[in-house]
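Next comes model02.cif, with mmCIF, C-alpha atoms and all ligand atoms.
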```cif
data_data
loop_
_atom_site.label_atom_id
_atom_site.label_comp_id
_atom_site.auth_asym_id
_atom_site.auth_seq_id
_atom_site.Cartn_x
_atom_site.Cartn_y
_atom_site.Cartn_z
CA MET Z 19 -38.47 27.53 -11.96
CA THR Z 20 -39.90 24.97 -14.41
CA LYS Z 21 -41.54 22.00 -12.72
CA HIS Z 22 -39.93 18.86 -14.14
CA ILE Z 23 -41.61 15.44 -14.07
CA LYS Z 24 -40.00 12.87 -11.75
CA ILE Z 25 -38.73 9.73 -13.48
CA SER Z 26 -40.97 7.53 -11.30
CA ASP Z 27 -44.07 9.47 -12.48
CA PHE Z 28 -42.83 9.38 -16.08
CA LEU Z 29 -42.41 5.60 -15.92
CA LYS Z 30 -45.91 5.16 -14.49
CA GLN Z 31 -47.45 7.39 -17.19
CA HIS Z 32 -45.50 6.16 -20.20
CA LEU Z 33 -44.78 2.48 -19.68
CA GLN Z 34 -47.90 0.63 -20.61
CA GLY Z 35 -48.70 -2.33 -22.84
CA GLU Z 36 -47.12 -5.77 -22.93
CA HIS Z 37 -43.87 -4.92 -21.14
CA GLY Z 38 -45.10 -1.93 -19.13
CA VAL Z 39 -45.20 -3.39 -15.62
CA ALA Z 40 -41.93 -5.29 -16.02
CA LEU Z 41 -40.06 -2.35 -17.55
CA ASN Z 42 -41.30 -0.02 -14.84
CA ALA Z 43 -39.92 -2.39 -12.20
CA ILE Z 44 -36.62 -3.08 -13.97
CA LEU Z 45 -35.99 0.57 -14.79
CA SER Z 46 -36.71 1.56 -11.19
CA ASP Z 47 -33.89 -0.80 -10.17
CA VAL Z 48 -31.61 0.61 -12.89
CA VAL Z 49 -32.34 4.14 -11.60
CA ASP Z 50 -31.41 3.03 -8.10
CA ALA Z 51 -28.20 1.36 -9.31
CA CYS Z 52 -27.14 4.45 -11.28
CA LYS Z 53 -27.70 6.72 -8.28
CA LYS Z 54 -25.47 4.44 -6.19
CA ILE Z 55 -22.82 4.31 -8.92
CA ALA Z 56 -22.87 8.13 -9.13
CA VAL Z 57 -22.11 8.27 -5.40
CA ALA Z 58 -19.25 5.72 -5.69
CA ILE Z 59 -17.70 7.71 -8.57
CA ASP Z 60 -18.26 11.01 -6.82
CA LYS Z 61 -16.46 9.83 -3.68
CA GLY Z 62 -13.50 8.91 -5.87
CA ALA Z 63 -10.11 8.94 -4.19
CA VAL Z 64 -11.65 9.81 -0.80
CA ALA Z 65 -13.13 6.30 -0.69
CA GLY Z 66 -9.99 4.80 -2.25
CA ASN Z 67 -11.99 3.83 -5.38
CA MET Z 68 -9.70 5.18 -8.09
CA GLY Z 69 -6.91 2.64 -8.47
CA SER Z 70 -6.33 -0.29 -10.81
CA LEU Z 71 -6.72 -3.86 -9.58
CA GLY Z 72 -4.16 -6.52 -10.52
CA SER Z 73 -6.93 -8.37 -12.43
CA GLU Z 74 -8.08 -8.31 -16.07
CA ASN Z 75 -11.66 -8.53 -17.32
CA VAL Z 76 -12.95 -10.84 -20.06
CA GLN Z 77 -11.64 -8.45 -22.70
CA GLY Z 78 -8.10 -8.68 -21.32
CA GLU Z 79 -8.35 -5.08 -20.06
CA VAL Z 80 -6.91 -4.11 -16.67
CA GLN Z 81 -9.80 -3.68 -14.23
CA LYS Z 82 -10.12 -0.52 -12.19
CA ALA Z 83 -11.46 -0.80 -8.66
CA LEU Z 84 -14.52 1.09 -9.89
CA ASP Z 85 -15.13 -1.40 -12.73
CA VAL Z 86 -15.69 -4.07 -10.08
CA ILE Z 87 -17.52 -1.84 -7.59
CA THR Z 88 -19.96 -0.55 -10.22
CA ASN Z 89 -20.52 -4.08 -11.58
CA ASP Z 90 -21.42 -5.35 -8.09
CA ILE Z 91 -23.78 -2.41 -7.47
CA PHE Z 92 -25.59 -3.03 -10.76
CA VAL Z 93 -25.95 -6.80 -10.28
CA GLU Z 94 -27.17 -6.43 -6.72
CA ALA Z 95 -29.72 -3.69 -7.48
CA CYS Z 96 -31.10 -5.19 -10.68
CA GLN Z 97 -32.14 -8.58 -9.39
CA ARG Z 98 -34.61 -7.08 -6.95
CA SER Z 99 -37.59 -6.51 -9.24
CA GLY Z 100 -38.21 -10.22 -9.86
CA TYR Z 101 -38.41 -9.66 -13.63
CA VAL Z 102 -34.77 -10.28 -14.60
CA ALA Z 103 -33.87 -13.89 -15.44
CA GLY Z 104 -30.24 -13.28 -16.32
CA MET Z 105 -27.64 -10.64 -17.00
CA VAL Z 106 -24.47 -10.10 -19.02
CA SER Z 107 -21.80 -7.71 -17.77
CA GLU Z 108 -18.71 -6.45 -19.55
CA GLU Z 109 -16.79 -7.36 -16.40
CA LEU Z 110 -17.81 -11.04 -16.15
CA VAL Z 111 -16.92 -13.87 -18.53
CA ASP Z 112 -20.14 -15.84 -18.06
CA VAL Z 113 -23.79 -14.88 -17.99
CA ILE Z 114 -25.16 -14.12 -14.53
CA ASP Z 115 -27.97 -16.51 -13.61
CA VAL Z 116 -30.39 -14.75 -11.30
CA ALA Z 117 -31.25 -17.02 -8.36
CA ASP Z 118 -34.69 -18.66 -8.47
CA GLU Z 119 -35.93 -16.83 -5.36
CA HIS Z 120 -35.45 -13.53 -7.27
CA LYS Z 121 -37.30 -14.73 -10.38
CA LYS Z 122 -40.96 -14.04 -9.66
CA ASN Z 123 -41.74 -13.16 -13.27
CA GLY Z 124 -38.19 -13.36 -14.53
CA ASP Z 125 -38.15 -13.58 -18.29
CA TYR Z 126 -36.19 -10.43 -19.13
CA LEU Z 127 -32.45 -10.17 -19.79
CA LEU Z 128 -30.26 -7.24 -18.84
CA MET Z 129 -26.93 -6.58 -20.64
CA PHE Z 130 -24.71 -3.85 -19.25
CA ASP Z 131 -21.40 -2.06 -19.23
CA PRO Z 132 -21.28 -0.86 -15.61
CA LEU Z 133 -18.51 1.69 -16.17
CA ASP Z 134 -17.93 2.94 -19.69
CA GLY Z 135 -14.81 4.98 -20.32
CA SER Z 136 -13.03 3.59 -17.29
CA SER Z 137 -9.64 4.83 -18.52
CA ASN Z 138 -11.06 8.31 -17.76
CA VAL Z 139 -12.03 7.59 -14.21
CA ASN Z 140 -8.87 8.63 -12.39
CA VAL Z 141 -8.40 11.75 -14.52
CA ASN Z 142 -11.84 13.06 -13.53
CA ILE Z 143 -13.40 12.99 -17.00
CA SER Z 144 -17.01 11.88 -17.63
CA VAL Z 145 -17.81 8.17 -17.53
CA GLY Z 146 -21.09 6.26 -17.85
CA THR Z 147 -23.15 3.09 -17.52
CA ILE Z 148 -24.84 1.49 -20.56
CA PHE Z 149 -27.72 -1.02 -20.45
CA SER Z 150 -29.95 -3.00 -22.78
CA ILE Z 151 -33.07 -5.07 -22.02
CA LEU Z 152 -34.25 -8.08 -24.02
CA LYS Z 153 -37.15 -10.47 -23.53
CA SER Z 154 -36.10 -14.07 -22.95
CA ALA Z 155 -37.98 -17.03 -24.40
CA SER Z 156 -37.56 -18.79 -21.06
CA LYS Z 157 -37.21 -18.07 -17.34
CA LYS Z 158 -34.14 -20.30 -17.47
CA PRO Z 159 -32.36 -18.68 -20.38
CA ASP Z 160 -29.70 -20.51 -22.32
CA LEU Z 161 -27.08 -18.87 -24.54
CA ALA Z 162 -29.43 -18.72 -27.55
CA ASP Z 163 -31.90 -16.62 -25.53
CA TYR Z 164 -29.20 -13.97 -25.04
CA LEU Z 165 -27.95 -13.95 -28.63
CA GLN Z 166 -30.69 -11.74 -30.08
CA SER Z 167 -30.00 -8.93 -32.52
CA GLY Z 168 -30.26 -5.33 -31.30
CA ALA Z 169 -33.55 -4.92 -33.16
CA ALA Z 170 -35.14 -7.13 -30.47
CA GLN Z 171 -34.26 -4.74 -27.62
CA ILE Z 172 -37.29 -3.48 -25.73
CA CYS Z 173 -35.38 -0.83 -23.82
CA ALA Z 174 -31.88 0.69 -23.86
CA GLY Z 175 -30.27 3.52 -21.99
CA TYR Z 176 -27.26 5.04 -20.35
CA ALA Z 177 -26.31 7.02 -17.29
CA LEU Z 178 -23.72 9.76 -17.74
CA TYR Z 179 -21.69 10.82 -14.73
CA GLY Z 180 -20.58 14.20 -16.02
CA THR Z 181 -21.03 17.81 -15.02
CA SER Z 182 -24.49 16.56 -14.06
CA THR Z 183 -25.56 12.95 -13.60
CA MET Z 184 -28.08 12.09 -16.31
CA LEU Z 185 -30.14 9.07 -17.31
CA VAL Z 186 -31.25 8.76 -20.94
CA PHE Z 187 -33.34 5.90 -22.28
CA THR Z 188 -35.71 4.66 -24.96
CA THR Z 189 -38.38 1.98 -25.01
CA GLY Z 190 -38.84 2.38 -28.77
CA ASN Z 191 -40.97 5.49 -28.53
CA GLY Z 192 -38.44 8.34 -28.68
CA VAL Z 193 -35.61 9.24 -26.34
CA ASN Z 194 -35.96 11.08 -23.04
CA GLY Z 195 -33.25 12.45 -20.77
CA PHE Z 196 -33.42 13.00 -17.00
CA THR Z 197 -31.05 14.97 -14.76
CA LEU Z 198 -30.34 13.94 -11.17
CA ASP Z 199 -31.43 16.73 -8.85
CA ALA Z 200 -29.00 16.72 -5.93
CA ASP Z 201 -31.54 18.30 -3.53
CA SER Z 202 -34.28 15.70 -3.96
CA ASN Z 203 -32.05 12.82 -5.22
CA GLU Z 204 -34.61 12.33 -8.00
CA PHE Z 205 -34.04 12.10 -11.76
CA LEU Z 206 -36.17 14.83 -13.39
CA LEU Z 207 -37.22 15.04 -17.05
CA THR Z 208 -35.05 17.85 -18.45
CA HIS Z 209 -34.50 16.62 -22.04
CA PRO Z 210 -37.82 15.37 -23.49
CA ASN Z 211 -37.87 13.83 -26.98
CA MET Z 212 -34.17 14.21 -27.80
CA GLN Z 213 -33.44 14.53 -31.53
CA ILE Z 214 -30.11 14.38 -33.36
CA ALA Z 215 -29.48 17.42 -35.58
CA LYS Z 216 -29.95 16.67 -39.30
CA GLU Z 217 -26.70 18.42 -40.29
CA THR Z 218 -23.35 18.46 -38.54
CA GLN Z 219 -19.79 19.75 -38.76
CA GLU Z 220 -18.32 17.66 -35.95
CA PHE Z 221 -16.83 14.17 -35.83
CA ALA Z 222 -15.41 12.02 -33.01
CA ILE Z 223 -12.76 9.38 -33.69
CA ASN Z 224 -9.44 8.35 -32.14
CA MET Z 225 -7.18 10.01 -34.75
CA SER Z 226 -4.08 8.19 -33.45
CA ASN Z 227 -5.40 5.08 -35.25
CA TYR Z 228 -5.46 6.85 -38.65
CA ARG Z 229 -2.78 4.69 -40.26
CA PHE Z 230 -4.60 1.47 -39.24
CA TRP Z 231 -8.01 2.42 -40.68
CA ARG Z 232 -9.50 1.05 -43.87
CA GLU Z 233 -9.81 3.25 -46.95
CA PRO Z 234 -13.47 4.37 -46.57
CA VAL Z 235 -12.85 5.72 -43.07
CA GLN Z 236 -9.64 7.48 -44.14
CA ARG Z 237 -11.54 9.00 -47.09
CA TYR Z 238 -14.37 10.30 -44.88
CA ILE Z 239 -12.00 11.83 -42.33
CA ASP Z 240 -9.66 13.25 -45.02
CA GLU Z 241 -12.63 15.07 -46.55
CA CYS Z 242 -13.67 16.45 -43.15
CA LEU Z 243 -10.12 17.68 -42.55
CA GLN Z 244 -9.95 19.38 -45.98
CA GLY Z 245 -12.80 21.57 -44.75
CA GLU Z 246 -13.94 24.50 -46.90
CA GLU Z 247 -11.27 23.86 -49.50
CA GLY Z 248 -12.34 20.23 -50.04
CA ASP Z 249 -15.38 18.44 -51.51
CA ARG Z 250 -17.45 18.96 -48.35
CA LYS Z 251 -17.06 22.75 -48.64
CA LYS Z 252 -17.34 23.27 -44.90
CA ASP Z 253 -14.97 23.14 -41.92
CA PHE Z 254 -15.32 20.33 -39.38
CA ASN Z 255 -14.55 20.31 -35.68
CA MET Z 256 -13.29 17.22 -33.81
CA ARG Z 257 -13.85 15.86 -30.28
CA TRP Z 258 -12.60 12.65 -28.60
CA VAL Z 259 -13.52 12.12 -24.95
CA ALA Z 260 -12.75 8.35 -25.02
CA SER Z 261 -15.99 7.63 -23.12
CA MET Z 262 -18.59 6.42 -25.62
CA VAL Z 263 -21.43 7.53 -23.33
CA ALA Z 264 -20.14 11.10 -23.28
CA GLU Z 265 -19.66 11.15 -27.07
CA VAL Z 266 -23.16 9.79 -27.80
CA HIS Z 267 -24.69 12.19 -25.31
CA ARG Z 268 -22.94 15.13 -27.02
CA ILE Z 269 -24.28 13.92 -30.37
CA LEU Z 270 -27.83 13.76 -28.98
CA VAL Z 271 -27.50 17.28 -27.63
CA ARG Z 272 -25.62 19.11 -30.40
CA GLY Z 273 -25.14 16.68 -33.29
CA GLY Z 274 -22.15 14.93 -34.81
CA VAL Z 275 -20.86 11.46 -35.59
CA PHE Z 276 -19.00 8.94 -33.43
CA MET Z 277 -16.76 6.31 -34.98
CA TYR Z 278 -14.80 3.36 -33.66
CA PRO Z 279 -14.18 1.49 -36.90
CA THR Z 280 -12.41 -1.77 -37.49
CA ASP Z 281 -8.73 -1.38 -38.32
CA THR Z 282 -5.69 -3.51 -39.02
CA LYS Z 283 -4.90 -3.78 -35.27
CA SER Z 284 -8.39 -4.74 -34.10
CA ARG Z 285 -10.09 -6.42 -37.02
CA SER Z 286 -13.43 -6.89 -35.29
CA GLY Z 287 -13.52 -3.36 -33.89
CA LYS Z 288 -13.12 -2.39 -30.24
CA LEU Z 289 -16.62 -1.85 -28.89
CA ARG Z 290 -18.84 -4.63 -27.65
CA LEU Z 291 -22.05 -5.37 -29.55
CA MET Z 292 -24.47 -6.41 -26.85
CA TYR Z 293 -23.88 -3.81 -24.16
CA GLU Z 294 -22.27 -0.89 -26.02
CA ALA Z 295 -23.10 -0.82 -29.74
CA ASN Z 296 -26.67 -2.20 -29.61
CA PRO Z 297 -28.09 -0.02 -26.82
CA MET Z 298 -26.44 3.12 -28.20
CA SER Z 299 -27.65 2.29 -31.74
CA PHE Z 300 -31.24 1.87 -30.49
CA ILE Z 301 -31.06 5.26 -28.78
CA VAL Z 302 -29.43 6.97 -31.78
CA GLU Z 303 -32.01 5.57 -34.23
CA GLN Z 304 -34.86 6.55 -31.92
CA ALA Z 305 -33.47 10.10 -31.93
CA GLY Z 306 -33.53 10.22 -35.74
CA GLY Z 307 -29.91 9.20 -36.31
CA ALA Z 308 -28.34 6.09 -37.86
CA SER Z 309 -25.81 3.46 -36.92
CA THR Z 310 -23.72 1.09 -39.04
CA THR Z 311 -20.76 -1.27 -38.97
CA GLY Z 312 -19.88 0.17 -42.38
CA SER Z 313 -21.58 -2.67 -44.22
CA GLN Z 314 -24.63 -3.40 -42.05
CA ARG Z 315 -27.11 -1.68 -39.74
CA ILE Z 316 -25.78 -2.47 -36.26
CA LEU Z 317 -29.23 -3.43 -34.94
CA GLU Z 318 -29.38 -6.22 -37.57
CA VAL Z 319 -26.07 -7.88 -36.63
CA GLN Z 320 -26.77 -11.43 -35.43
CA PRO Z 321 -24.57 -11.95 -32.34
CA SER Z 322 -22.42 -15.05 -32.10
CA GLY Z 323 -21.15 -14.41 -28.59
CA ILE Z 324 -22.13 -12.30 -25.57
CA HIS Z 325 -18.85 -10.34 -25.60
CA GLN Z 326 -18.58 -9.98 -29.39
CA ARG Z 327 -16.94 -6.82 -30.74
CA VAL Z 328 -18.19 -4.79 -33.68
CA PRO Z 329 -17.11 -1.73 -35.71
CA VAL Z 330 -19.28 1.25 -34.81
CA MET Z 331 -20.23 4.40 -36.69
CA MET Z 332 -23.25 6.30 -35.43
CA GLY Z 333 -24.90 9.71 -35.23
CA CYS Z 334 -26.21 12.21 -37.79
CA LYS Z 335 -28.06 10.13 -40.43
CA SER Z 336 -26.83 11.93 -43.55
CA GLU Z 337 -23.18 11.52 -42.45
CA ILE Z 338 -23.65 7.84 -41.54
CA ASP Z 339 -25.30 7.23 -44.95
CA ARG Z 340 -22.27 8.86 -46.58
CA ILE Z 341 -19.82 6.70 -44.57
CA ALA Z 342 -21.80 3.53 -45.46
CA ALA Z 343 -21.76 4.58 -49.15
CA TYR Z 344 -17.95 4.97 -49.02
CA HIS Z 345 -17.74 1.43 -47.62
CA GLN Z 346 -19.89 0.15 -50.49
CA VAL Z 347 -17.63 1.77 -53.08
CA THR Z 348 -14.62 -0.03 -51.59
CA ALA Z 349 -16.52 -3.34 -51.31
CA LYS Z 350 -17.61 -3.18 -54.99
CA ARG Z 351 -14.05 -2.58 -56.15
CA LYS Z 352 -12.86 -5.82 -54.50
O1 LIG Z 401 -8.90 4.56 -25.69
P1 LIG Z 401 -9.53 4.46 -27.03
O2 LIG Z 401 -8.91 3.40 -27.90
O3 LIG Z 401 -9.68 5.77 -27.71
O4 LIG Z 401 -11.02 3.87 -26.78
C1 LIG Z 401 -12.04 4.62 -26.25
C2 LIG Z 401 -13.28 3.81 -26.25
O5 LIG Z 401 -13.15 2.71 -25.34
C3 LIG Z 401 -14.21 2.71 -24.42
O6 LIG Z 401 -13.76 3.35 -23.29
C4 LIG Z 401 -14.61 1.31 -24.04
O7 LIG Z 401 -15.36 1.27 -22.86
P2 LIG Z 401 -14.87 0.60 -21.46
O8 LIG Z 401 -14.22 1.63 -20.61
O9 LIG Z 401 -16.19 0.15 -20.94
O10 LIG Z 401 -13.96 -0.55 -21.81
C5 LIG Z 401 -15.32 3.56 -25.07
O11 LIG Z 401 -16.14 4.13 -24.13
C6 LIG Z 401 -14.50 4.58 -25.82
O12 LIG Z 401 -15.17 5.06 -26.95
MG MG Z 402 -17.58 0.65 -22.45
MG MG Z 403 -16.74 -0.69 -19.08
#
```

Conversion result in structure tokens:
Amino acid sequence: MTKHIKISDFLKQHLQGEHGVALNAILSDVVDACKKIAVAIDKGAVAGNMGSLGSENVQGEVQKALDVITNDIFVEACQRSGYVAGMVSEELVDVIDVADEHKKNGDYLLMFDPLDGSSNVNVNISVGTIFSILKSASKKPDLADYLQSGAAQICAGYALYGTSTMLVFTTGNGVNGFTLDADSNEFLLTHPNMQIAKETQEFAINMSNYRFWREPVQRYIDECLQGEEGDRKKDFNMRWVASMVAEVHRILVRGGVFMYPTDTKSRSGKLRLMYEANPMSFIVEQAGGASTTGSQRILEVQPSGIHQRVPVMMGCKSEIDRIAAYHQVTAKRK
């Protein structure tokens, strides 16, 4: 059997330089949180974790019990290192100020979606956790410290609770994937230097929104559907898991594009910039892919709010360039 490197050894070996010590400590806490979340999800109905609560989150979405449980696990675990000054969670309206006694060297910010794809949780389909780390200008961050573009991220990653539990992350030096070994309860490096395939014949989009999309998105999908008989001269396959983490992971492993564009029902898009689109865009770009709103590289979007939404198209670079070009054609015509 191949001997895989443990994530703790990988962090020690690879995280050096300005942020090395802090990232090592923060990521160790993230690893711990994701292991605990995996257990909570795994226990499922046995622990009574699978229902909906009466409450709504900041996005007006009905909260599942696991949305709240996973949020609490993440917040609790990730203030231990002493390096995190504040956090933003999909599940909480306001920023989370980390108490002073936990802020030894706390000038890093952690944005996260504790449970991505939560509509899949009680039908036993893969879900995930997404996180992004920024450096704060101050140990007592104000709103402006949080509102940095995705290009400023120093680390981003996700955990996927699927057929295996995996942790995938980047610190701006490629993308590495680790699988949780149930025997040792350690994440082991199984997917070094993940790269997105240069060509693809697979797209992921919620087709039920077709009639609400703008013209460039309809054009791109129409051409995929025309297959061999159309301009693309090849057949395309489609997937839609409805968990962004699972879709992006599939794209890292076997290629493709993922799209949640703006449409006439949700004019700003559905996905959240700071803890969904930005971290996934950083990972996708680091794996050789691309990511756009249609008119702008996602990592260059200047946030105006911590829960801001954004249209998202990401994956295989040549396909994303094509989609962006279709948006330009429409924009020029106006
Ligand atoms: O149900 P829809 O409209 O297809 O949306 C699916 C999308 O919504 C999300 O589930 C949003 O994530 P949350 O579960 O964290 O709200 C994405 O993961 C996924 O791509
Ligand atoms: Mg999500
Ligand atoms: Mg969520």

Exercise. Gly100 of chain Z: which residues within 6 Å, counting all atoms listed in the file, same-chain residues fewer than 6 positions away excluded, as a list in words?
Worked result: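 Near Gly100 of chain Z, the qualifying residues are His120, Lys121, Lys122, Asn123 and Gly124 of chain Z.
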
For this session: Have a look at Z:Thr208, Z:Thr282, Z:Gln213, Z:Ser261 and name the one nearest to ligand LIG 401 (chain Z); count all atoms listed in the file.
Result: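 Of all the options, Z:Ser261 lies closest to ligand LIG 401 (chain Z).
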
Exercise. Quick one: residues within 9 Å of Phe130 of chain Z, all atoms listed in the file counted, chain neighbours fewer than 3 positions away excluded, as a PyMOL selection string?
Worked result: chain Z and resi 89+92+105-108+133+147-151+292-294

Exercise. Atom CA of Asp85 of chain Z to atom O3 of ligand LIG 401 (chain Z): how many Å, to one decimal?
Worked result: 17.5 Å

For this session: Give as a ChimeraX atom specification the residues surrounding ligand LIG 401 (chain Z) up to a distance of 10 Å, considering only C-alpha atoms and all ligand atoms.
Result: /Z:75,77,79-82,85,108-109,130-139,145-148,222-227,258-266,276-278,288-290,293-294,330

I need segment 75-104 of chain Z written out with N, CA and C atoms, as a PDB file, in the first residue's frame; please produce it.
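New file out05.pdb:
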```pdb
ATOM      1  N   ASN Z  75     -32.006  31.576   8.044  1.00  0.00           N
ATOM      2  CA  ASN Z  75     -30.705  32.224   8.181  1.00  0.00           C
ATOM      3  C   ASN Z  75     -30.758  33.605   7.536  1.00  0.00           C
ATOM      4  N   VAL Z  76     -29.606  34.273   7.473  1.00  0.00           N
ATOM      5  CA  VAL Z  76     -29.519  35.636   6.951  1.00  0.00           C
ATOM      6  C   VAL Z  76     -29.990  35.732   5.501  1.00  0.00           C
ATOM      7  N   GLN Z  77     -29.919  34.621   4.778  1.00  0.00           N
ATOM      8  CA  GLN Z  77     -30.328  34.625   3.371  1.00  0.00           C
ATOM      9  C   GLN Z  77     -31.829  34.378   3.221  1.00  0.00           C
ATOM     10  N   GLY Z  78     -32.536  34.210   4.352  1.00  0.00           N
ATOM     11  CA  GLY Z  78     -33.961  33.908   4.276  1.00  0.00           C
ATOM     12  C   GLY Z  78     -34.212  32.440   3.940  1.00  0.00           C
ATOM     13  N   GLU Z  79     -33.192  31.591   4.103  1.00  0.00           N
ATOM     14  CA  GLU Z  79     -33.347  30.166   3.805  1.00  0.00           C
ATOM     15  C   GLU Z  79     -33.649  29.416   5.103  1.00  0.00           C
ATOM     16  N   VAL Z  80     -34.533  28.412   5.010  1.00  0.00           N
ATOM     17  CA  VAL Z  80     -34.889  27.639   6.204  1.00  0.00           C
ATOM     18  C   VAL Z  80     -33.650  26.899   6.693  1.00  0.00           C
ATOM     19  N   GLN Z  81     -33.348  27.035   7.989  1.00  0.00           N
ATOM     20  CA  GLN Z  81     -32.150  26.376   8.522  1.00  0.00           C
ATOM     21  C   GLN Z  81     -32.450  24.926   8.881  1.00  0.00           C
ATOM     22  N   LYS Z  82     -31.531  24.056   8.514  1.00  0.00           N
ATOM     23  CA  LYS Z  82     -31.576  22.663   8.953  1.00  0.00           C
ATOM     24  C   LYS Z  82     -30.882  22.595  10.306  1.00  0.00           C
ATOM     25  N   ALA Z  83     -31.236  21.584  11.087  1.00  0.00           N
ATOM     26  CA  ALA Z  83     -30.535  21.401  12.359  1.00  0.00           C
ATOM     27  C   ALA Z  83     -29.026  21.347  12.120  1.00  0.00           C
ATOM     28  N   LEU Z  84     -28.626  20.685  11.043  1.00  0.00           N
ATOM     29  CA  LEU Z  84     -27.185  20.535  10.792  1.00  0.00           C
ATOM     30  C   LEU Z  84     -26.514  21.843  10.380  1.00  0.00           C
ATOM     31  N   ASP Z  85     -27.276  22.775   9.780  1.00  0.00           N
ATOM     32  CA  ASP Z  85     -26.691  24.093   9.474  1.00  0.00           C
ATOM     33  C   ASP Z  85     -26.176  24.725  10.760  1.00  0.00           C
ATOM     34  N   VAL Z  86     -27.010  24.646  11.812  1.00  0.00           N
ATOM     35  CA  VAL Z  86     -26.668  25.286  13.085  1.00  0.00           C
ATOM     36  C   VAL Z  86     -25.591  24.484  13.822  1.00  0.00           C
ATOM     37  N   ILE Z  87     -25.735  23.169  13.818  1.00  0.00           N
ATOM     38  CA  ILE Z  87     -24.754  22.312  14.511  1.00  0.00           C
ATOM     39  C   ILE Z  87     -23.361  22.491  13.899  1.00  0.00           C
ATOM     40  N   THR Z  88     -23.292  22.478  12.557  1.00  0.00           N
ATOM     41  CA  THR Z  88     -21.985  22.576  11.899  1.00  0.00           C
ATOM     42  C   THR Z  88     -21.393  23.980  12.085  1.00  0.00           C
ATOM     43  N   ASN Z  89     -22.254  25.001  12.084  1.00  0.00           N
ATOM     44  CA  ASN Z  89     -21.781  26.369  12.346  1.00  0.00           C
ATOM     45  C   ASN Z  89     -21.130  26.438  13.734  1.00  0.00           C
ATOM     46  N   ASP Z  90     -21.815  25.881  14.730  1.00  0.00           N
ATOM     47  CA  ASP Z  90     -21.298  25.959  16.108  1.00  0.00           C
ATOM     48  C   ASP Z  90     -19.977  25.194  16.245  1.00  0.00           C
ATOM     49  N   ILE Z  91     -19.889  24.048  15.572  1.00  0.00           N
ATOM     50  CA  ILE Z  91     -18.638  23.265  15.629  1.00  0.00           C
ATOM     51  C   ILE Z  91     -17.493  24.098  15.047  1.00  0.00           C
ATOM     52  N   PHE Z  92     -17.746  24.722  13.894  1.00  0.00           N
ATOM     53  CA  PHE Z  92     -16.687  25.468  13.208  1.00  0.00           C
ATOM     54  C   PHE Z  92     -16.218  26.666  14.042  1.00  0.00           C
ATOM     55  N   VAL Z  93     -17.199  27.417  14.574  1.00  0.00           N
ATOM     56  CA  VAL Z  93     -16.847  28.611  15.360  1.00  0.00           C
ATOM     57  C   VAL Z  93     -16.034  28.205  16.589  1.00  0.00           C
ATOM     58  N   GLU Z  94     -16.505  27.177  17.262  1.00  0.00           N
ATOM     59  CA  GLU Z  94     -15.841  26.748  18.501  1.00  0.00           C
ATOM     60  C   GLU Z  94     -14.393  26.286  18.222  1.00  0.00           C
ATOM     61  N   ALA Z  95     -14.250  25.453  17.177  1.00  0.00           N
ATOM     62  CA  ALA Z  95     -12.918  24.883  16.906  1.00  0.00           C
ATOM     63  C   ALA Z  95     -11.935  25.937  16.401  1.00  0.00           C
ATOM     64  N   CYS Z  96     -12.439  26.906  15.633  1.00  0.00           N
ATOM     65  CA  CYS Z  96     -11.515  27.782  14.909  1.00  0.00           C
ATOM     66  C   CYS Z  96     -11.111  29.028  15.682  1.00  0.00           C
ATOM     67  N   GLN Z  97     -11.551  29.156  16.931  1.00  0.00           N
ATOM     68  CA  GLN Z  97     -11.002  30.276  17.702  1.00  0.00           C
ATOM     69  C   GLN Z  97      -9.892  29.826  18.640  1.00  0.00           C
ATOM     70  N   ARG Z  98      -9.534  28.540  18.528  1.00  0.00           N
ATOM     71  CA  ARG Z  98      -8.546  28.031  19.483  1.00  0.00           C
ATOM     72  C   ARG Z  98      -7.125  28.463  19.190  1.00  0.00           C
ATOM     73  N   SER Z  99      -6.774  28.610  17.917  1.00  0.00           N
ATOM     74  CA  SER Z  99      -5.363  28.813  17.559  1.00  0.00           C
ATOM     75  C   SER Z  99      -4.802  30.122  18.099  1.00  0.00           C
ATOM     76  N   GLY Z 100      -5.661  31.110  18.316  1.00  0.00           N
ATOM     77  CA  GLY Z 100      -5.177  32.424  18.746  1.00  0.00           C
ATOM     78  C   GLY Z 100      -4.838  33.336  17.583  1.00  0.00           C
ATOM     79  N   TYR Z 101      -4.994  32.857  16.351  1.00  0.00           N
ATOM     80  CA  TYR Z 101      -4.634  33.670  15.185  1.00  0.00           C
ATOM     81  C   TYR Z 101      -5.840  34.296  14.494  1.00  0.00           C
ATOM     82  N   VAL Z 102      -7.057  33.887  14.874  1.00  0.00           N
ATOM     83  CA  VAL Z 102      -8.248  34.381  14.168  1.00  0.00           C
ATOM     84  C   VAL Z 102      -8.865  35.538  14.950  1.00  0.00           C
ATOM     85  N   ALA Z 103      -8.972  36.700  14.274  1.00  0.00           N
ATOM     86  CA  ALA Z 103      -9.531  37.891  14.932  1.00  0.00           C
ATOM     87  C   ALA Z 103     -11.041  37.963  14.756  1.00  0.00           C
ATOM     88  N   GLY Z 104     -11.548  37.379  13.683  1.00  0.00           N
ATOM     89  CA  GLY Z 104     -12.988  37.459  13.434  1.00  0.00           C
ATOM     90  C   GLY Z 104     -13.387  36.480  12.349  1.00  0.00           C
TER      91      GLY Z 104
END
```
